[in-house]
4 protein chains.
Amino acid sequence: MDESRDRLPAVDGEPIAGWIRDHFERQAFMDRIGATIVRAEGGSAEILLPVRVGLLQQHGFVHAGVVAAIANAAGRCAALSLWAEGTEARTAEFKISLLAPASGAVLSARSRVIRSGRRLGVFAADVFAIARGGERCVAVALGTIARHPESFR
Amino acid sequence: MDESRDRLPAVDGEPIAGWIRDHFERQAFMDRIGATIVRAEGGSAEILLPVRVGLLQQHGFVHAGVVAAIANAAGRCAALSLWAEGTEARTAEFKISLLAPASGAVLSARSRVIRSGRRLGVFAADVFAIARGGERCVAVALGTIARHPESFR
Amino acid sequence: MDESRDRLPAVDGEPIAGWIRDHFERQAFMDRIGATIVRAEGGSAEILLPVRVGLLQQHGFVHAGVVAAIANAAGRCAALSLWAEGTEARTAEFKISLLAPASGAVLSARSRVIRSGRRLGVFAADVFAIARGGERCVAVALGTIARHPESFR
Amino acid sequence: MDESRDRLPAVDGEPIAGWIRDHFERQAFMDRIGATIVRAEGGSAEILLPVRVGLLQQHGFVHAGVVAAIANAAGRCAALSLWAEGTEARTAEFKISLLAPASGAVLSARSRVIRSGRRLGVFAADVFAIARGGERCVAVALGTIARHPESFR
């Protein structure tokens with residue numbers, strides 16, 4: 001990790017736990033689309049995604065698949081932030097409702113854990129489109145994360 | 001369109017309707033990830049996606065967001081195949097259950113319309129991971145498409 | 001309607017619109033299970049359900065189907081509260097995550113509209129189990145309502 | 001169990017496993033609405049529900065909550081049919097798309113397991129409305145069952 005990363009935003013002065021950042025950054029697809037994790041602590045997380053041409057669908061809005069991808073990734077990171085280092089978390093399922101076309105300069109996916117159990121976590125996530133004039137919620141998601149404590153130790 | 005495209009697989013000797021192929025090919029994100037539509041007729045559709053490094057998550061499997069993206073795109077194309085040329089179809093929502101890690105050489109998302117109404121369509125989609133040894137269903141999805149007949153005419 | 005109904009709780013001193021209450025009370029199943037609507041205004045609604053033996057599953061908790069039924073009914077009433085009298089609203093789909101066994105004296109389903117469009121509404125709903133010691137969120141739902149403005153006029 | 005029950009329909013001459021029937025029949029709510037399990041074997045199940053006035057919504061169709069309840073119950077029984085006697089199965093979540101108003105003499109919820117893992121099962125279920133003229137699919141569902149092998153032994 002280079003130094004600049006250590007200056008990324010964080011909650012209450014705490015950086016994102018290093019292992020969650022590593023977890024996120026090992027996801028080639030997140031890197032490919034240009035997504036960055038800016039917060040993952042205490043059961044919530046945020047992922048930012050600058051909007052680029054390669055992420056769009058036929059009408060010039062961000063593709064629903066991209067919106068779903070960052071909502072899900074934010075949900076998983078929120079769950080990880082409550083679990084011990086090295087926990088493996090797989091998305092079992094999620095549902096996403098697309099409320100409005102996603103346009104703007106940046107998308108922000110913000111998630112929070114609404115149940116954290118021994119074997120399953122449940123998250124909610126909202127995706128906002130941020131433009132000069134403010135931000136607009138373009139999607140809401142609800143998903144289930146399977147926790148595998150024994151993995152990666 | 002180059003000539004080779006006209007020789008893509010089709011159902012019963014019929015090519016994919018040109019406007020649906022155009023619709024699909026105008027989606028920069030589908031192009032970016034390397035997805036191809038190979039069938040869209042009579043309420044069903046299929047999208048193929050060669051697996052590449054840039055589509056993976058941290059354990060070397062295809063990212064859930066990518067799996068969701070092609071399932072959704074296949075569902076929308078299946079709905080379009082029942083509707084008149086120029087119909088706009090937006091995904092209102094979808095749910096996806098991830099059954100197994102997605103690995104292999106190619107993913108195939110196969111969808112079918114299970115209800116086509118005046119204003120809404122409902123689709124089911126399965127995503128298969130295809131490898132030398134055969135294929136395995138790695139995800140199932142269910143989604144709702146909002147139909148906007150007045151658009152794009 | 002008897003007089004006592006006019007004294008049911010309401011938001012900001014406003015009663016539930018009469019047509020929404022009628023809409024709710026014509027649902028034989030809501031009556032059968034003993035559900036009451038106590039609020040439906042400005043895009044949110046609340047339904048109360050006293051817990052009775054006939055609503056339970058095999059372990060003595062309220063059946064998931066009952067929890068889903070009141071979450072969905074609350075979502076529909078929240079949507080109606082934003083729409084004109086006589087609008088017909090059908091649930092197109094919903095997803096519910098069951099967070100904890102539902103026990104207690106009363107269940108409360110609280111919903112809010114998160115998108116209200118010309119043809120579709122999207123709601124979120126939480127179901128709480130209320131007992132002497134306080135209340136606990138036992139389920140969260142997300143659903144889509146199809147709006148049929150032309151109906152019932 | 002009385003004798004007549006032993007003559008209920010079954011697959012390949014096999015009765016429903018007694019413990020699954022017991023599991024189902026201990027659900028007061030299923031009894032209350034009049035639902036019967038007629039099949040649960042090899043990863044699939046069927047529940048029948050005679051349509052009665054107390055199950056309807058305001059337009060005379062079966063309430064979406066009832067449709068959801070039997071879809072979910074069928075999914076859980078399908079999962080149980082693959083697991084050892086005494087396994088506890090809780091619905092973690094489900095999503096249901098309501099395709100058409102549910103009317104007719106009887107509803108049939110038919111489910112099949114599409115993934116059965118050590119900790120989670122995934123089911124699909126279809127609900128059909130059966131009338132003199134035939135049957136019509138009125139809803140499709142997809143859900144996740146959490147398996148608790150250690151329970152009830």
# chains A, B, ... in the order shown; residues from 1 in each chain; ligands from 1
$ residues_around --residues "Val113 of chain C" --least-positions-apart "6" --cutoff "10 Å" --atoms "only C-alpha atoms" --output "count of residues only"
21
$ select_by_dssp --residues "chain B" --states "helix (DSSP H, G or I)" --output "ChimeraX atom specification"
/B:3-7,18-25,28-33,53-55,64-80
$ closest_atom_pairs --of "chain D" --to "chain B" --cutoff "10 Å" --atoms "only C-alpha atoms" --output "JSON lines"
{"residue": "D:Phe94", "atom": "CA", "partner": "B:Lys95", "partner_atom": "CA", "distance": 9.5}
{"residue": "D:Lys95", "atom": "CA", "partner": "B:Lys95", "partner_atom": "CA", "distance": 7.4}
{"residue": "D:Ile96", "atom": "CA", "partner": "B:Leu142", "partner_atom": "CA", "distance": 8.7}
{"residue": "D:Ser97", "atom": "CA", "partner": "B:Val122", "partner_atom": "CA", "distance": 7.7}
{"residue": "D:Leu98", "atom": "CA", "partner": "B:Val122", "partner_atom": "CA", "distance": 9.2}
{"residue": "D:Leu99", "atom": "CA", "partner": "B:Arg115", "partner_atom": "CA", "distance": 6.4}
{"residue": "D:Ala100", "atom": "CA", "partner": "B:Arg115", "partner_atom": "CA", "distance": 8.8}
{"residue": "D:Ile114", "atom": "CA", "partner": "B:Leu99", "partner_atom": "CA", "distance": 8.2}
{"residue": "D:Arg115", "atom": "CA", "partner": "B:Leu99", "partner_atom": "CA", "distance": 6.4}
{"residue": "D:Ser116", "atom": "CA", "partner": "B:Leu99", "partner_atom": "CA", "distance": 9.1}
{"residue": "D:Gly117", "atom": "CA", "partner": "B:Leu99", "partner_atom": "CA", "distance": 9.1}
{"residue": "D:Leu120", "atom": "CA", "partner": "B:Leu99", "partner_atom": "CA", "distance": 9.6}
{"residue": "D:Gly121", "atom": "CA", "partner": "B:Leu99", "partner_atom": "CA", "distance": 9.0}
{"residue": "D:Val122", "atom": "CA", "partner": "B:Ser97", "partner_atom": "CA", "distance": 7.7}
{"residue": "D:Phe123", "atom": "CA", "partner": "B:Ser97", "partner_atom": "CA", "distance": 9.7}
{"residue": "D:Ala124", "atom": "CA", "partner": "B:Val140", "partner_atom": "CA", "distance": 9.2}
{"residue": "D:Cys137", "atom": "CA", "partner": "B:Ile114", "partner_atom": "CA", "distance": 9.1}
{"residue": "D:Val138", "atom": "CA", "partner": "B:Arg115", "partner_atom": "CA", "distance": 9.5}
{"residue": "D:Ala139", "atom": "CA", "partner": "B:Ile114", "partner_atom": "CA", "distance": 9.6}
{"residue": "D:Val140", "atom": "CA", "partner": "B:Leu142", "partner_atom": "CA", "distance": 8.5}
{"residue": "D:Ala141", "atom": "CA", "partner": "B:Leu142", "partner_atom": "CA", "distance": 8.2}
{"residue": "D:Leu142", "atom": "CA", "partner": "B:Leu142", "partner_atom": "CA", "distance": 7.6}
{"residue": "D:Gly143", "atom": "CA", "partner": "B:Ser97", "partner_atom": "CA", "distance": 8.2}
{"residue": "D:Thr144", "atom": "CA", "partner": "B:Ser97", "partner_atom": "CA", "distance": 8.2}
$ calpha_fit_and_write --fixed "chain C" --moving "chain A" --output "PDB file with C-alpha atoms, in the first residue's frame"
ATOM      1  CA  MET A   1     -67.669   2.816  10.434  1.00  0.00           C
ATOM      2  CA  ASP A   2     -68.365   3.063  14.105  1.00  0.00           C
ATOM      3  CA  GLU A   3     -67.266   6.004  16.180  1.00  0.00           C
ATOM      4  CA  SER A   4     -64.406   4.258  17.919  1.00  0.00           C
ATOM      5  CA  ARG A   5     -62.558   3.968  14.664  1.00  0.00           C
ATOM      6  CA  ASP A   6     -62.443   7.680  14.294  1.00  0.00           C
ATOM      7  CA  ARG A   7     -60.332   7.816  17.392  1.00  0.00           C
ATOM      8  CA  LEU A   8     -57.576   5.561  16.066  1.00  0.00           C
ATOM      9  CA  PRO A   9     -54.066   6.999  16.141  1.00  0.00           C
ATOM     10  CA  ALA A  10     -53.094   9.234  13.252  1.00  0.00           C
ATOM     11  CA  VAL A  11     -50.228  11.396  12.111  1.00  0.00           C
ATOM     12  CA  ASP A  12     -50.305  15.111  12.920  1.00  0.00           C
ATOM     13  CA  GLY A  13     -53.897  14.944  13.973  1.00  0.00           C
ATOM     14  CA  GLU A  14     -55.027  13.689  10.553  1.00  0.00           C
ATOM     15  CA  PRO A  15     -57.038  10.469  10.392  1.00  0.00           C
ATOM     16  CA  ILE A  16     -56.165   7.827   7.881  1.00  0.00           C
ATOM     17  CA  ALA A  17     -57.932   8.761   4.677  1.00  0.00           C
ATOM     18  CA  GLY A  18     -61.274   7.031   4.743  1.00  0.00           C
ATOM     19  CA  TRP A  19     -60.811   5.355   1.386  1.00  0.00           C
ATOM     20  CA  ILE A  20     -57.531   3.753   2.469  1.00  0.00           C
ATOM     21  CA  ARG A  21     -59.128   2.472   5.653  1.00  0.00           C
ATOM     22  CA  ASP A  22     -61.979   1.081   3.580  1.00  0.00           C
ATOM     23  CA  HIS A  23     -59.501  -0.459   1.192  1.00  0.00           C
ATOM     24  CA  PHE A  24     -57.751  -2.139   4.096  1.00  0.00           C
ATOM     25  CA  GLU A  25     -60.899  -3.271   5.817  1.00  0.00           C
ATOM     26  CA  ARG A  26     -62.266  -4.892   2.691  1.00  0.00           C
ATOM     27  CA  GLN A  27     -59.355  -7.330   2.871  1.00  0.00           C
ATOM     28  CA  ALA A  28     -60.985 -10.324   4.530  1.00  0.00           C
ATOM     29  CA  PHE A  29     -57.620 -11.890   5.230  1.00  0.00           C
ATOM     30  CA  MET A  30     -56.387  -8.887   7.189  1.00  0.00           C
ATOM     31  CA  ASP A  31     -59.566  -9.060   9.239  1.00  0.00           C
ATOM     32  CA  ARG A  32     -59.207 -12.799   9.665  1.00  0.00           C
ATOM     33  CA  ILE A  33     -55.737 -12.537  11.166  1.00  0.00           C
ATOM     34  CA  GLY A  34     -56.754  -9.539  13.262  1.00  0.00           C
ATOM     35  CA  ALA A  35     -54.609  -6.855  11.647  1.00  0.00           C
ATOM     36  CA  THR A  36     -55.455  -3.166  12.090  1.00  0.00           C
ATOM     37  CA  ILE A  37     -54.178  -0.183  10.168  1.00  0.00           C
ATOM     38  CA  VAL A  38     -53.212   2.655  12.480  1.00  0.00           C
ATOM     39  CA  ARG A  39     -51.450   5.059  10.141  1.00  0.00           C
ATOM     40  CA  ALA A  40     -51.288   5.736   6.409  1.00  0.00           C
ATOM     41  CA  GLU A  41     -50.217   9.197   5.463  1.00  0.00           C
ATOM     42  CA  GLY A  42     -47.597  11.018   3.472  1.00  0.00           C
ATOM     43  CA  GLY A  43     -45.987   7.876   2.142  1.00  0.00           C
ATOM     44  CA  SER A  44     -45.764   5.866   5.312  1.00  0.00           C
ATOM     45  CA  ALA A  45     -48.064   3.437   7.060  1.00  0.00           C
ATOM     46  CA  GLU A  46     -48.275   1.161  10.058  1.00  0.00           C
ATOM     47  CA  ILE A  47     -50.213  -2.031  10.654  1.00  0.00           C
ATOM     48  CA  LEU A  48     -50.573  -3.656  14.061  1.00  0.00           C
ATOM     49  CA  LEU A  49     -51.193  -7.347  14.607  1.00  0.00           C
ATOM     50  CA  PRO A  50     -51.868  -8.881  18.030  1.00  0.00           C
ATOM     51  CA  VAL A  51     -50.115 -12.234  18.201  1.00  0.00           C
ATOM     52  CA  ARG A  52     -52.497 -15.174  18.555  1.00  0.00           C
ATOM     53  CA  VAL A  53     -52.084 -18.929  18.507  1.00  0.00           C
ATOM     54  CA  GLY A  54     -53.599 -19.301  15.068  1.00  0.00           C
ATOM     55  CA  LEU A  55     -50.795 -17.237  13.541  1.00  0.00           C
ATOM     56  CA  LEU A  56     -47.897 -19.360  14.728  1.00  0.00           C
ATOM     57  CA  GLN A  57     -45.593 -21.898  13.128  1.00  0.00           C
ATOM     58  CA  GLN A  58     -44.265 -25.079  14.657  1.00  0.00           C
ATOM     59  CA  HIS A  59     -41.912 -23.445  17.153  1.00  0.00           C
ATOM     60  CA  GLY A  60     -44.394 -20.966  18.545  1.00  0.00           C
ATOM     61  CA  PHE A  61     -43.235 -17.968  16.538  1.00  0.00           C
ATOM     62  CA  VAL A  62     -45.417 -16.002  14.155  1.00  0.00           C
ATOM     63  CA  HIS A  63     -45.462 -17.702  10.772  1.00  0.00           C
ATOM     64  CA  ALA A  64     -43.217 -16.136   8.143  1.00  0.00           C
ATOM     65  CA  GLY A  65     -46.214 -15.931   5.847  1.00  0.00           C
ATOM     66  CA  VAL A  66     -48.045 -13.727   8.340  1.00  0.00           C
ATOM     67  CA  VAL A  67     -45.019 -11.493   8.787  1.00  0.00           C
ATOM     68  CA  ALA A  68     -44.767 -11.181   5.008  1.00  0.00           C
ATOM     69  CA  ALA A  69     -48.480 -10.457   4.688  1.00  0.00           C
ATOM     70  CA  ILE A  70     -48.468  -7.464   7.026  1.00  0.00           C
ATOM     71  CA  ALA A  71     -45.207  -6.099   5.601  1.00  0.00           C
ATOM     72  CA  ASN A  72     -46.716  -6.186   2.132  1.00  0.00           C
ATOM     73  CA  ALA A  73     -50.042  -4.722   3.263  1.00  0.00           C
ATOM     74  CA  ALA A  74     -48.236  -1.871   5.011  1.00  0.00           C
ATOM     75  CA  GLY A  75     -46.206  -1.181   1.879  1.00  0.00           C
ATOM     76  CA  ARG A  76     -49.301  -1.013  -0.265  1.00  0.00           C
ATOM     77  CA  CYS A  77     -51.076   1.341   2.122  1.00  0.00           C
ATOM     78  CA  ALA A  78     -48.035   3.619   2.242  1.00  0.00           C
ATOM     79  CA  ALA A  79     -48.115   3.845  -1.546  1.00  0.00           C
ATOM     80  CA  LEU A  80     -51.859   4.514  -1.591  1.00  0.00           C
ATOM     81  CA  SER A  81     -51.375   7.382   0.847  1.00  0.00           C
ATOM     82  CA  LEU A  82     -49.470   9.244  -1.875  1.00  0.00           C
ATOM     83  CA  TRP A  83     -51.913   8.501  -4.654  1.00  0.00           C
ATOM     84  CA  ALA A  84     -55.360   9.790  -5.492  1.00  0.00           C
ATOM     85  CA  GLU A  85     -58.466   8.306  -3.964  1.00  0.00           C
ATOM     86  CA  GLY A  86     -59.568   5.255  -5.840  1.00  0.00           C
ATOM     87  CA  THR A  87     -56.174   4.346  -7.226  1.00  0.00           C
ATOM     88  CA  GLU A  88     -55.728   0.621  -7.420  1.00  0.00           C
ATOM     89  CA  ALA A  89     -52.428  -0.669  -6.176  1.00  0.00           C
ATOM     90  CA  ARG A  90     -51.315  -4.240  -6.722  1.00  0.00           C
ATOM     91  CA  THR A  91     -48.164  -5.726  -5.285  1.00  0.00           C
ATOM     92  CA  ALA A  92     -46.026  -6.758  -8.244  1.00  0.00           C
ATOM     93  CA  GLU A  93     -43.393  -8.386  -6.069  1.00  0.00           C
ATOM     94  CA  PHE A  94     -41.683  -8.189  -2.744  1.00  0.00           C
ATOM     95  CA  LYS A  95     -38.693  -9.652  -0.959  1.00  0.00           C
ATOM     96  CA  ILE A  96     -38.499 -10.190   2.753  1.00  0.00           C
ATOM     97  CA  SER A  97     -35.554 -11.067   4.958  1.00  0.00           C
ATOM     98  CA  LEU A  98     -36.494 -12.690   8.242  1.00  0.00           C
ATOM     99  CA  LEU A  99     -33.990 -11.509  10.820  1.00  0.00           C
ATOM    100  CA  ALA A 100     -35.214 -13.172  13.991  1.00  0.00           C
ATOM    101  CA  PRO A 101     -38.078 -15.335  15.221  1.00  0.00           C
ATOM    102  CA  ALA A 102     -41.192 -13.197  15.646  1.00  0.00           C
ATOM    103  CA  SER A 103     -42.592 -13.460  19.119  1.00  0.00           C
ATOM    104  CA  GLY A 104     -44.116 -10.979  21.529  1.00  0.00           C
ATOM    105  CA  ALA A 105     -47.541  -9.542  22.139  1.00  0.00           C
ATOM    106  CA  VAL A 106     -47.956  -7.489  18.997  1.00  0.00           C
ATOM    107  CA  LEU A 107     -46.275  -7.158  15.618  1.00  0.00           C
ATOM    108  CA  SER A 108     -45.966  -3.765  13.994  1.00  0.00           C
ATOM    109  CA  ALA A 109     -45.277  -3.430  10.262  1.00  0.00           C
ATOM    110  CA  ARG A 110     -44.018   0.049   9.360  1.00  0.00           C
ATOM    111  CA  SER A 111     -43.517   1.016   5.778  1.00  0.00           C
ATOM    112  CA  ARG A 112     -42.349   3.979   3.766  1.00  0.00           C
ATOM    113  CA  VAL A 113     -42.436   4.723   0.071  1.00  0.00           C
ATOM    114  CA  ILE A 114     -38.973   5.179  -1.391  1.00  0.00           C
ATOM    115  CA  ARG A 115     -40.098   5.873  -4.927  1.00  0.00           C
ATOM    116  CA  SER A 116     -43.483   6.915  -6.181  1.00  0.00           C
ATOM    117  CA  GLY A 117     -43.750   6.999  -9.941  1.00  0.00           C
ATOM    118  CA  ARG A 118     -46.511   7.281 -12.437  1.00  0.00           C
ATOM    119  CA  ARG A 119     -46.770   3.532 -12.820  1.00  0.00           C
ATOM    120  CA  LEU A 120     -44.716   1.967 -10.049  1.00  0.00           C
ATOM    121  CA  GLY A 121     -44.067   2.583  -6.384  1.00  0.00           C
ATOM    122  CA  VAL A 122     -41.285   1.045  -4.338  1.00  0.00           C
ATOM    123  CA  PHE A 123     -41.621   0.546  -0.606  1.00  0.00           C
ATOM    124  CA  ALA A 124     -39.461  -0.568   2.271  1.00  0.00           C
ATOM    125  CA  ALA A 125     -41.054  -2.087   5.359  1.00  0.00           C
ATOM    126  CA  ASP A 126     -39.774  -3.219   8.728  1.00  0.00           C
ATOM    127  CA  VAL A 127     -41.654  -5.557  11.012  1.00  0.00           C
ATOM    128  CA  PHE A 128     -41.125  -5.205  14.750  1.00  0.00           C
ATOM    129  CA  ALA A 129     -42.074  -7.621  17.510  1.00  0.00           C
ATOM    130  CA  ILE A 130     -43.281  -5.658  20.518  1.00  0.00           C
ATOM    131  CA  ALA A 131     -43.134  -7.162  23.986  1.00  0.00           C
ATOM    132  CA  ARG A 132     -43.027  -5.790  27.476  1.00  0.00           C
ATOM    133  CA  GLY A 133     -39.290  -5.252  27.289  1.00  0.00           C
ATOM    134  CA  GLY A 134     -39.348  -3.171  24.133  1.00  0.00           C
ATOM    135  CA  GLU A 135     -39.362  -3.901  20.450  1.00  0.00           C
ATOM    136  CA  ARG A 136     -37.130  -5.812  18.064  1.00  0.00           C
ATOM    137  CA  CYS A 137     -36.913  -5.711  14.289  1.00  0.00           C
ATOM    138  CA  VAL A 138     -37.733  -9.212  13.060  1.00  0.00           C
ATOM    139  CA  ALA A 139     -37.996  -8.652   9.305  1.00  0.00           C
ATOM    140  CA  VAL A 140     -37.213  -6.174   6.551  1.00  0.00           C
ATOM    141  CA  ALA A 141     -38.897  -6.077   3.178  1.00  0.00           C
ATOM    142  CA  LEU A 142     -38.581  -4.290  -0.130  1.00  0.00           C
ATOM    143  CA  GLY A 143     -41.363  -4.383  -2.697  1.00  0.00           C
ATOM    144  CA  THR A 144     -42.850  -2.989  -5.882  1.00  0.00           C
ATOM    145  CA  ILE A 145     -46.410  -1.744  -6.248  1.00  0.00           C
ATOM    146  CA  ALA A 146     -48.062  -1.439  -9.651  1.00  0.00           C
ATOM    147  CA  ARG A 147     -50.290   1.607  -9.854  1.00  0.00           C
ATOM    148  CA  HIS A 148     -53.461   1.521 -11.896  1.00  0.00           C
ATOM    149  CA  PRO A 149     -54.838   5.031 -11.857  1.00  0.00           C
ATOM    150  CA  GLU A 150     -57.691   4.252 -14.162  1.00  0.00           C
ATOM    151  CA  SER A 151     -59.274   1.688 -11.883  1.00  0.00           C
ATOM    152  CA  PHE A 152     -62.098   2.070  -9.454  1.00  0.00           C
ATOM    153  CA  ARG A 153     -63.274   5.410 -10.595  1.00  0.00           C
TER     154      ARG A 153
END
$ select_by_dssp --residues "chain D" --states "strand (DSSP E or B)" --output "PyMOL selection string"
chain D and resi 11+14+36-41+44-50+56+62+88-98+106-116+120-131+134-148
